[in-house]
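For reference, query.cif is printed below; it contains mmCIF, C-alpha atoms.
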data_target
loop_
_atom_site.group_PDB
_atom_site.id
_atom_site.type_symbol
_atom_site.label_atom_id
_atom_site.label_comp_id
_atom_site.auth_asym_id
_atom_site.auth_seq_id
_atom_site.Cartn_x
_atom_site.Cartn_y
_atom_site.Cartn_z
ATOM 1 C CA MET A 1 -4.945 9.668 -13.718
ATOM 2 C CA LYS A 2 -3.330 6.236 -13.683
ATOM 3 C CA LYS A 3 -0.847 5.522 -16.418
ATOM 4 C CA LYS A 4 -1.836 2.457 -18.450
ATOM 5 C CA ARG A 5 0.669 -0.342 -18.851
ATOM 6 C CA SER A 6 2.250 -0.708 -22.277
ATOM 7 C CA ARG A 7 3.686 -4.184 -22.672
ATOM 8 C CA THR A 8 6.386 -3.113 -25.149
ATOM 9 C CA ALA A 9 7.454 -0.030 -23.233
ATOM 10 C CA LEU A 10 7.253 -1.862 -19.927
ATOM 11 C CA THR A 11 9.394 -4.764 -21.057
ATOM 12 C CA ALA A 12 12.044 -2.474 -22.470
ATOM 13 C CA ALA A 13 12.083 -0.328 -19.361
ATOM 14 C CA VAL A 14 12.404 -3.226 -16.971
ATOM 15 C CA LEU A 15 15.087 -4.954 -19.021
ATOM 16 C CA ALA A 16 17.045 -1.715 -18.845
ATOM 17 C CA LEU A 17 17.222 -2.042 -15.061
ATOM 18 C CA SER A 18 20.282 -4.261 -14.964
ATOM 19 C CA LEU A 19 20.152 -4.477 -11.191
ATOM 20 C CA CYS A 20 16.685 -6.029 -11.383
ATOM 21 C CA PRO A 21 17.016 -9.445 -13.063
ATOM 22 C CA TRP A 22 13.295 -10.235 -13.018
ATOM 23 C CA ASN A 23 11.212 -9.107 -15.989
ATOM 24 C CA ALA A 24 7.719 -7.658 -15.911
ATOM 25 C CA PRO A 25 5.470 -10.720 -16.227
ATOM 26 C CA SER A 26 3.507 -10.733 -19.440
ATOM 27 C CA GLU A 27 0.669 -12.520 -17.663
ATOM 28 C CA ARG A 28 0.088 -9.458 -15.470
ATOM 29 C CA ALA A 29 -1.645 -7.569 -18.288
ATOM 30 C CA ALA A 30 -3.864 -10.543 -19.029
ATOM 31 C CA ALA A 31 -4.673 -10.958 -15.336
ATOM 32 C CA GLU A 32 -5.594 -7.306 -15.044
ATOM 33 C CA GLY A 33 -8.013 -7.741 -17.913
ATOM 34 C CA THR A 34 -9.557 -10.703 -16.105
ATOM 35 C CA ASP A 35 -9.906 -8.570 -12.993
ATOM 36 C CA ALA A 36 -11.852 -5.925 -14.886
ATOM 37 C CA SER A 37 -14.515 -8.450 -15.873
ATOM 38 C CA ALA A 38 -14.825 -9.981 -12.408
ATOM 39 C CA GLY A 39 -17.323 -8.995 -9.725
ATOM 40 C CA GLN A 40 -17.461 -5.591 -8.097
ATOM 41 C CA ARG A 41 -15.662 -6.733 -4.946
ATOM 42 C CA GLN A 42 -12.128 -5.359 -4.681
ATOM 43 C CA VAL A 43 -8.920 -6.648 -3.119
ATOM 44 C CA ALA A 44 -5.909 -4.386 -2.571
ATOM 45 C CA ILE A 45 -2.699 -6.257 -1.796
ATOM 46 C CA VAL A 46 -0.115 -4.155 0.038
ATOM 47 C CA ILE A 47 3.404 -5.508 0.458
ATOM 48 C CA ASP A 48 5.432 -3.834 3.219
ATOM 49 C CA ASP A 49 9.181 -3.487 3.833
ATOM 50 C CA PHE A 50 10.519 -2.895 0.335
ATOM 51 C CA GLY A 51 13.693 -0.820 0.188
ATOM 52 C CA ASN A 52 16.316 -3.127 1.676
ATOM 53 C CA GLY A 53 16.666 -5.904 -0.893
ATOM 54 C CA MET A 54 14.696 -8.251 1.334
ATOM 55 C CA ALA A 55 13.887 -11.881 0.545
ATOM 56 C CA GLY A 56 10.889 -12.258 -1.727
ATOM 57 C CA THR A 57 11.334 -8.931 -3.512
ATOM 58 C CA PRO A 58 11.704 -10.427 -7.039
ATOM 59 C CA GLU A 59 8.853 -12.847 -6.416
ATOM 60 C CA MET A 60 6.511 -10.080 -5.258
ATOM 61 C CA MET A 61 7.355 -7.933 -8.272
ATOM 62 C CA LYS A 62 6.262 -10.863 -10.454
ATOM 63 C CA LEU A 63 2.764 -11.074 -8.975
ATOM 64 C CA PRO A 64 0.353 -11.169 -11.947
ATOM 65 C CA VAL A 65 -2.001 -8.472 -10.606
ATOM 66 C CA PRO A 66 -1.715 -4.797 -9.649
ATOM 67 C CA PHE A 67 -0.673 -4.216 -6.043
ATOM 68 C CA THR A 68 0.824 -1.564 -3.754
ATOM 69 C CA THR A 69 4.472 -1.403 -2.716
ATOM 70 C CA ALA A 70 5.122 0.081 0.740
ATOM 71 C CA ILE A 71 8.741 1.222 0.580
ATOM 72 C CA MET A 72 10.856 2.239 3.565
ATOM 73 C CA PRO A 73 12.777 5.519 3.137
ATOM 74 C CA PHE A 74 16.563 5.938 3.350
ATOM 75 C CA MET A 75 17.327 2.290 2.600
ATOM 76 C CA PRO A 76 19.744 0.744 0.051
ATOM 77 C CA THR A 77 17.105 -0.146 -2.578
ATOM 78 C CA THR A 78 14.472 2.496 -1.746
ATOM 79 C CA LYS A 79 14.749 4.293 -5.066
ATOM 80 C CA GLN A 80 15.376 1.167 -7.145
ATOM 81 C CA ASP A 81 12.264 -0.546 -5.796
ATOM 82 C CA ALA A 82 10.160 2.598 -6.258
ATOM 83 C CA GLU A 83 11.347 3.017 -9.847
ATOM 84 C CA LEU A 84 10.531 -0.584 -10.749
ATOM 85 C CA ALA A 85 7.115 -0.533 -9.062
ATOM 86 C CA HIS A 86 6.263 2.682 -10.876
ATOM 87 C CA LYS A 87 7.340 1.222 -14.222
ATOM 88 C CA LEU A 88 5.101 -1.775 -13.561
ATOM 89 C CA GLY A 89 2.212 0.619 -12.940
ATOM 90 C CA ASP A 90 1.832 -0.320 -9.274
ATOM 91 C CA ASP A 91 1.232 2.133 -6.442
ATOM 92 C CA VAL A 92 4.182 3.334 -4.385
ATOM 93 C CA ILE A 93 3.618 4.461 -0.802
ATOM 94 C CA VAL A 94 5.991 5.538 1.973
ATOM 95 C CA HIS A 95 6.336 2.845 4.632
ATOM 96 C CA MET A 96 6.946 5.298 7.493
ATOM 97 C CA PRO A 97 8.847 3.874 10.483
ATOM 98 C CA MET A 98 6.967 4.652 13.703
ATOM 99 C CA GLU A 99 7.600 3.747 17.327
ATOM 100 C CA PRO A 100 5.784 0.621 18.602
ATOM 101 C CA VAL A 101 4.645 -0.128 22.141
ATOM 102 C CA LYS A 102 7.062 -3.063 22.156
ATOM 103 C CA GLY A 103 10.001 -3.824 19.895
ATOM 104 C CA LYS A 104 13.663 -3.058 19.416
ATOM 105 C CA PRO A 105 14.611 0.444 18.192
ATOM 106 C CA GLU A 106 16.853 -1.070 15.496
ATOM 107 C CA TRP A 107 13.812 -2.704 13.904
ATOM 108 C CA LEU A 108 12.494 0.716 12.941
ATOM 109 C CA GLY A 109 15.126 1.759 10.429
ATOM 110 C CA PRO A 110 16.370 5.293 9.718
ATOM 111 C CA GLY A 111 14.215 8.400 9.993
ATOM 112 C CA ALA A 112 11.714 6.894 12.430
ATOM 113 C CA ILE A 113 9.022 8.865 14.253
ATOM 114 C CA THR A 114 8.840 8.561 18.043
ATOM 115 C CA THR A 115 6.498 10.047 20.615
ATOM 116 C CA ALA A 116 9.406 11.813 22.374
ATOM 117 C CA MET A 117 9.965 14.114 19.377
ATOM 118 C CA ASP A 118 8.617 17.632 19.200
ATOM 119 C CA ASP A 119 6.266 18.711 16.417
ATOM 120 C CA ALA A 120 9.001 20.349 14.348
ATOM 121 C CA GLU A 121 11.163 17.210 14.311
ATOM 122 C CA ILE A 122 8.194 15.014 13.410
ATOM 123 C CA ARG A 123 7.299 17.286 10.512
ATOM 124 C CA LYS A 124 10.907 17.362 9.325
ATOM 125 C CA ARG A 125 11.156 13.565 9.315
ATOM 126 C CA VAL A 126 7.838 12.975 7.553
ATOM 127 C CA GLU A 127 8.695 15.507 4.841
ATOM 128 C CA ALA A 128 12.153 13.972 4.362
ATOM 129 C CA ALA A 129 10.710 10.464 4.083
ATOM 130 C CA ILE A 130 8.213 11.537 1.420
ATOM 131 C CA ASP A 131 10.992 13.262 -0.502
ATOM 132 C CA ASP A 132 13.131 10.101 -0.370
ATOM 133 C CA VAL A 133 10.575 7.712 -1.931
ATOM 134 C CA PRO A 134 10.002 8.500 -5.622
ATOM 135 C CA TYR A 135 6.451 8.377 -7.013
ATOM 136 C CA ALA A 136 4.834 8.036 -3.561
ATOM 137 C CA VAL A 137 1.066 8.564 -3.640
ATOM 138 C CA GLY A 138 0.384 7.584 -0.042
ATOM 139 C CA MET A 139 1.846 6.492 3.290
ATOM 140 C CA ASN A 140 1.361 3.726 5.828
ATOM 141 C CA ASN A 141 2.921 2.942 9.189
ATOM 142 C CA HIS A 142 5.809 0.543 9.724
ATOM 143 C CA MET A 143 5.155 -0.841 13.211
ATOM 144 C CA GLY A 144 3.791 2.250 15.008
ATOM 145 C CA SER A 145 1.432 0.833 17.645
ATOM 146 C CA LYS A 146 2.532 3.616 20.020
ATOM 147 C CA VAL A 147 2.623 6.472 17.498
ATOM 148 C CA THR A 148 -0.704 5.720 15.804
ATOM 149 C CA ALA A 149 -2.384 5.869 19.231
ATOM 150 C CA ASP A 150 -0.878 9.312 19.964
ATOM 151 C CA GLU A 151 -3.115 12.159 18.829
ATOM 152 C CA ARG A 152 -0.457 14.881 18.954
ATOM 153 C CA VAL A 153 2.059 12.967 16.883
ATOM 154 C CA MET A 154 -0.422 11.693 14.319
ATOM 155 C CA ARG A 155 -1.924 15.146 13.869
ATOM 156 C CA VAL A 156 1.477 16.375 12.659
ATOM 157 C CA VAL A 157 2.007 13.313 10.437
ATOM 158 C CA LEU A 158 -1.409 13.551 8.818
ATOM 159 C CA THR A 159 -1.144 17.305 8.353
ATOM 160 C CA VAL A 160 1.995 16.774 6.252
ATOM 161 C CA VAL A 161 0.311 13.910 4.385
ATOM 162 C CA LYS A 162 -2.545 16.227 3.477
ATOM 163 C CA GLU A 163 -0.223 19.064 2.457
ATOM 164 C CA ARG A 164 1.608 16.702 0.108
ATOM 165 C CA GLY A 165 -1.621 15.433 -1.463
ATOM 166 C CA LEU A 166 -1.167 11.855 -0.248
ATOM 167 C CA PHE A 167 -3.549 9.355 1.297
ATOM 168 C CA PHE A 168 -2.888 7.352 4.458
ATOM 169 C CA LEU A 169 -3.257 3.615 4.995
ATOM 170 C CA ASP A 170 -3.695 2.733 8.660
ATOM 171 C CA SER A 171 -1.948 -0.612 9.008
ATOM 172 C CA ARG A 172 -3.961 -1.151 12.202
ATOM 173 C CA THR A 173 -1.130 -2.350 14.424
ATOM 174 C CA THR A 174 -3.235 -1.277 17.432
ATOM 175 C CA TYR A 175 -6.920 -1.165 18.242
ATOM 176 C CA LYS A 176 -6.214 2.157 19.986
ATOM 177 C CA THR A 177 -5.503 3.920 16.699
ATOM 178 C CA VAL A 178 -6.526 7.586 16.518
ATOM 179 C CA VAL A 179 -5.953 7.732 12.762
ATOM 180 C CA PRO A 180 -9.620 7.425 11.654
ATOM 181 C CA LYS A 181 -10.695 10.261 13.953
ATOM 182 C CA LEU A 182 -7.908 12.611 12.889
ATOM 183 C CA ALA A 183 -8.103 11.749 9.190
ATOM 184 C CA ALA A 184 -11.801 12.624 9.207
ATOM 185 C CA GLU A 185 -11.097 15.859 11.058
ATOM 186 C CA LEU A 186 -8.249 16.902 8.751
ATOM 187 C CA GLY A 187 -9.782 15.656 5.505
ATOM 188 C CA VAL A 188 -7.060 13.118 4.736
ATOM 189 C CA PRO A 189 -8.110 10.255 2.406
ATOM 190 C CA LEU A 190 -7.934 7.118 4.537
ATOM 191 C CA LEU A 191 -7.867 3.383 3.992
ATOM 192 C CA SER A 192 -7.447 0.699 6.655
ATOM 193 C CA ASN A 193 -5.905 -2.749 6.731
ATOM 194 C CA HIS A 194 -8.297 -5.648 7.253
ATOM 195 C CA VAL A 195 -6.087 -8.764 7.144
ATOM 196 C CA PHE A 196 -2.415 -9.299 7.951
ATOM 197 C CA LEU A 197 -1.266 -12.219 5.819
ATOM 198 C CA ASP A 198 2.020 -13.192 7.408
ATOM 199 C CA ASP A 199 2.267 -12.037 11.026
ATOM 200 C CA VAL A 200 3.246 -15.683 11.604
ATOM 201 C CA TYR A 201 5.954 -16.946 9.264
ATOM 202 C CA SER A 202 4.455 -20.199 7.995
ATOM 203 C CA THR A 203 2.685 -21.250 4.822
ATOM 204 C CA SER A 204 -0.185 -22.777 6.789
ATOM 205 C CA HIS A 205 -0.846 -19.501 8.598
ATOM 206 C CA ILE A 206 -0.627 -17.434 5.404
ATOM 207 C CA VAL A 207 -3.089 -19.766 3.687
ATOM 208 C CA LYS A 208 -5.410 -19.468 6.697
ATOM 209 C CA GLN A 209 -5.231 -15.660 6.495
ATOM 210 C CA ILE A 210 -6.078 -15.770 2.786
ATOM 211 C CA GLY A 211 -9.116 -17.751 3.874
ATOM 212 C CA LEU A 212 -10.035 -14.876 6.218
ATOM 213 C CA LEU A 213 -9.629 -12.476 3.298
ATOM 214 C CA ARG A 214 -12.069 -14.569 1.268
ATOM 215 C CA LYS A 215 -14.505 -14.695 4.188
ATOM 216 C CA HIS A 216 -14.269 -10.904 4.646
ATOM 217 C CA LEU A 217 -15.302 -10.454 1.022
ATOM 218 C CA GLU A 218 -18.441 -12.495 1.567
ATOM 219 C CA SER A 219 -19.955 -9.606 3.530
ATOM 220 C CA ASN A 220 -17.866 -6.619 2.412
ATOM 221 C CA ALA A 221 -17.334 -4.939 -0.929
ATOM 222 C CA SER A 222 -13.577 -4.585 -0.476
ATOM 223 C CA CYS A 223 -10.606 -5.863 1.477
ATOM 224 C CA VAL A 224 -7.138 -4.432 2.109
ATOM 225 C CA THR A 225 -4.573 -7.072 2.993
ATOM 226 C CA ILE A 226 -0.936 -6.591 4.033
ATOM 227 C CA GLY A 227 1.966 -8.968 3.476
ATOM 228 C CA HIS A 228 5.720 -8.492 3.677
ATOM 229 C CA VAL A 229 9.005 -9.058 1.969
ATOM 230 C CA GLY A 230 11.700 -10.245 4.354
ATOM 231 C CA PRO A 231 11.511 -13.419 6.479
ATOM 232 C CA PRO A 232 8.072 -14.489 5.161
ATOM 233 C CA GLY A 233 8.498 -12.910 1.723
ATOM 234 C CA LYS A 234 8.937 -15.967 -0.479
ATOM 235 C CA LEU A 235 6.240 -17.905 1.384
ATOM 236 C CA THR A 236 3.751 -15.053 1.070
ATOM 237 C CA ALA A 237 4.521 -14.504 -2.615
ATOM 238 C CA ALA A 238 4.023 -18.208 -3.365
ATOM 239 C CA ALA A 239 0.748 -18.366 -1.425
ATOM 240 C CA LEU A 240 -0.590 -15.275 -3.184
ATOM 241 C CA LYS A 241 0.428 -16.546 -6.608
ATOM 242 C CA ASP A 242 -1.467 -19.762 -5.906
ATOM 243 C CA ALA A 243 -4.570 -18.023 -4.507
ATOM 244 C CA ILE A 244 -4.955 -15.168 -6.996
ATOM 245 C CA PRO A 245 -6.558 -17.199 -9.848
ATOM 246 C CA ARG A 246 -9.212 -18.560 -7.488
ATOM 247 C CA LEU A 247 -9.937 -15.163 -5.941
ATOM 248 C CA GLN A 248 -10.303 -13.563 -9.372
ATOM 249 C CA GLY A 249 -13.546 -15.459 -9.870
ATOM 250 C CA SER A 250 -15.287 -13.228 -7.337
ATOM 251 C CA ALA A 251 -13.122 -10.125 -6.952
ATOM 252 C CA ARG A 252 -10.762 -7.899 -8.862
ATOM 253 C CA PHE A 253 -7.326 -6.835 -7.697
ATOM 254 C CA VAL A 254 -6.683 -3.100 -7.492
ATOM 255 C CA ARG A 255 -4.123 -0.609 -6.244
ATOM 256 C CA LEU A 256 -4.891 1.273 -3.040
ATOM 257 C CA SER A 257 -5.387 4.486 -5.009
ATOM 258 C CA ASP A 258 -8.133 2.751 -7.022
ATOM 259 C CA MET A 259 -9.971 2.054 -3.783
ATOM 260 C CA LEU A 260 -10.100 5.601 -2.441
ATOM 261 C CA GLY A 261 -13.509 6.964 -1.688
ATOM 262 C CA PRO A 262 -15.960 7.363 1.179
ATOM 263 C CA SER A 263 -16.251 4.157 3.173
ATOM 264 C CA ALA A 264 -17.161 3.168 6.693
ATOM 265 C CA GLU A 265 -14.327 2.450 9.100
ATOM 266 C CA GLN A 266 -14.088 -1.279 9.811
ATOM 267 C CA ASP A 267 -12.177 -3.322 12.335
ATOM 268 C CA ILE A 268 -9.204 -5.357 11.259
ATOM 269 C CA VAL A 269 -9.890 -9.088 10.866
ATOM 270 C CA PRO A 270 -8.130 -10.741 13.823
ATOM 271 C CA HIS A 271 -5.857 -13.731 13.489
ATOM 272 C CA SER A 272 -6.150 -16.701 15.784
#
Written as C-alpha cells, that's how I'd like the structure from this file.
Amino acid sequence: MKKKRSRTALTAAVLALSLCPWNAPSERAAAEGTDASAGQRQVAIVIDDFGNGMAGTPEMMKLPVPFTTAIMPFMPTTKQDAELAHKLGDDVIVHMPMEPVKGKPEWLGPGAITTAMDDAEIRKRVEAAIDDVPYAVGMNNHMGSKVTADERVMRVVLTVVKERGLFFLDSRTTYKTVVPKLAAELGVPLLSNHVFLDDVYSTSHIVKQIGLLRKHLESNASCVTIGHVGPPGKLTAAALKDAIPRLQGSARFVRLSDMLGPSAEQDIVPHS
C-alpha cells in the first residue's frame, strides 16, 4: 500500500534534513489532486543517476508531480537521496550499473555487473546493491546494453529481483534485450522505457522528446519516460516543469509502482 503524503509531516521531515536545502513543494499535493481527475492515460517519469549529488538533483526533487527516483548504489548521496524521495512519497528503485557494448568502465560506478562474472558474483552484487538503496521497490539498468542482451546474466539478476519482491524496469538501452522474455518466464513484474528525454544534452532535444511522449499517449494508455540528473539535469528539470501543466490536461502522473499490471511489450520510441 502506498503511503499518502501528509503536508505537515512531510514539511517537517524534509526541513529536518539539513543537508537537503530544498523543501517539499506545497504545489505537489495540489498537482497530484489534479492528476487524479485527469484522463485515464498515465505518465511515469523516471529520473536516473541519483546518488552522487549530481546537477539538477534539487530541481528534480521539486517537480510538482509523483515520479520515480533511480538511485545508484554505493555512492556518496545514495542513502540521502533515497530517504528524501521516500519522504516525498516517490518511488525508489535501484539504478543497477551494467556493462554496455561501448563505454568507459569508469562510467559504470561501483558494484557493476559484467558479462565476464560468474553467476555467484552476479548474485552477490545484485543483492548488495539492493541492500544499499533504502526503500527500493524496483530496479532498472544503468547503461547495460551488453548485459541486458545476455540471457545467462539477466536470468541471475531477475531471479534475485523476484526473490526480493521487486519489479524491473527495462531501460531499453538495446533492441536486443532479453529482459521481456526472461521476466515473463520467471514471473518478474516488468515495465519498459518508451522515451529517453535527454540522450542529447540540449533543451531543444528534450522538448522534442516531450513531444514524442505526447504523441505516444495519443495511441497508448501509458508512457514511461526516462530523464537524468547530471549534465542534462537542470535542463531536463526545467523542461519537465514547463510541460507538466499542459500534459496534465490529458494524462495523470504516476509512480512506476502505480503502473504495474499486465501490459503488452512495446518498442521504445526512437529519437531522431
Using all atoms listed in the file, find each residue in segment 39-121 of chain A having at least one atom no more than 9 Å away from segment 236-240 of chain A; report its shortest atom-to-atom pair and that distance in Å (one decimal), rows by chain then rising number, as a tab-separated table.
residue	atom	partner	partner_atom	distance
A:Gly56	CA	A:Ala237	CA	6.8
A:Thr57	CA	A:Ala237	CA	8.8
A:Glu59	CA	A:Ala237	CA	6.0
A:Met60	CA	A:Ala237	CA	5.5
A:Lys62	CA	A:Ala237	CA	8.8
A:Leu63	CA	A:Ala237	CA	7.4
Next item on the list: Check which residues satisfy the PyMOL selection byres ((chain A and resi 173) around 10) in the file shown, then give them as number ranges by chain.
Entry: A: 100-101, 141-146, 148-149, 170-172, 174-177, 193, 196, 268
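Using all atoms listed in the file, the smallest distance between any of A:Val200, A:Ile45, A:Val65, A:Val94 and Tyr135 of chain A comes from A:Val94.
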Note to self: Given the point (-9.0, 19.3, 7.4) in the file's coordinates, find the residues that have an atom at most 12 Å from it, counting only C-alpha atoms, and give them as a PyMOL selection string.
What the structure shows: chain A and resi 155+158-163+181-189
Note to self: Given the point (-12.9, -13.0, -6.0) in the coordinates of this file, which residues lie within 9 Å, counting all atoms listed in the file, and how would they look as a ChimeraX atom specification?
What the structure shows: /A:35,38-43,214,217,244-253
Note to self: Under the rule that all atoms listed in the file are counted, which of A:Pro180, A:Ala116, A:Leu84, A:Ala136 is the nearest residue to Met72 of chain A?
What the structure shows: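 Once distances to Met72 of chain A are computed over all atoms listed in the file, the minimum belongs to A:Ala136.
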Notebook entry, point to check: Closest to Thr203 of chain A among A:Lys215, A:Leu235, A:Cys223, A:His86, using all atoms listed in the file?
Noted result: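 Between A:Lys215, A:Leu235, A:Cys223, A:His86, the residue approaching Thr203 of chain A most closely is A:Leu235.
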Next item on the list: One decimal, Å: what's the distance from atom CA of Gln209 of chain A over to atom CA of Thr225 of chain A, could you say?
Entry: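 Separation of atom CA of Gln209 of chain A and atom CA of Thr225 of chain A: 9.3 Å.
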Next item on the list: Quick one: pull the distance between atom CA of Arg152 of chain A and atom CA of Asn140 of chain A, Å, one decimal.
Entry: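 Here the two named atoms are 17.3 Å from each other.
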Item checked: Atom pair atom CA of Val156 of chain A / atom CA of Met75 of chain A: separation (Å) ->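 These atoms are spaced 23.5 Å apart.
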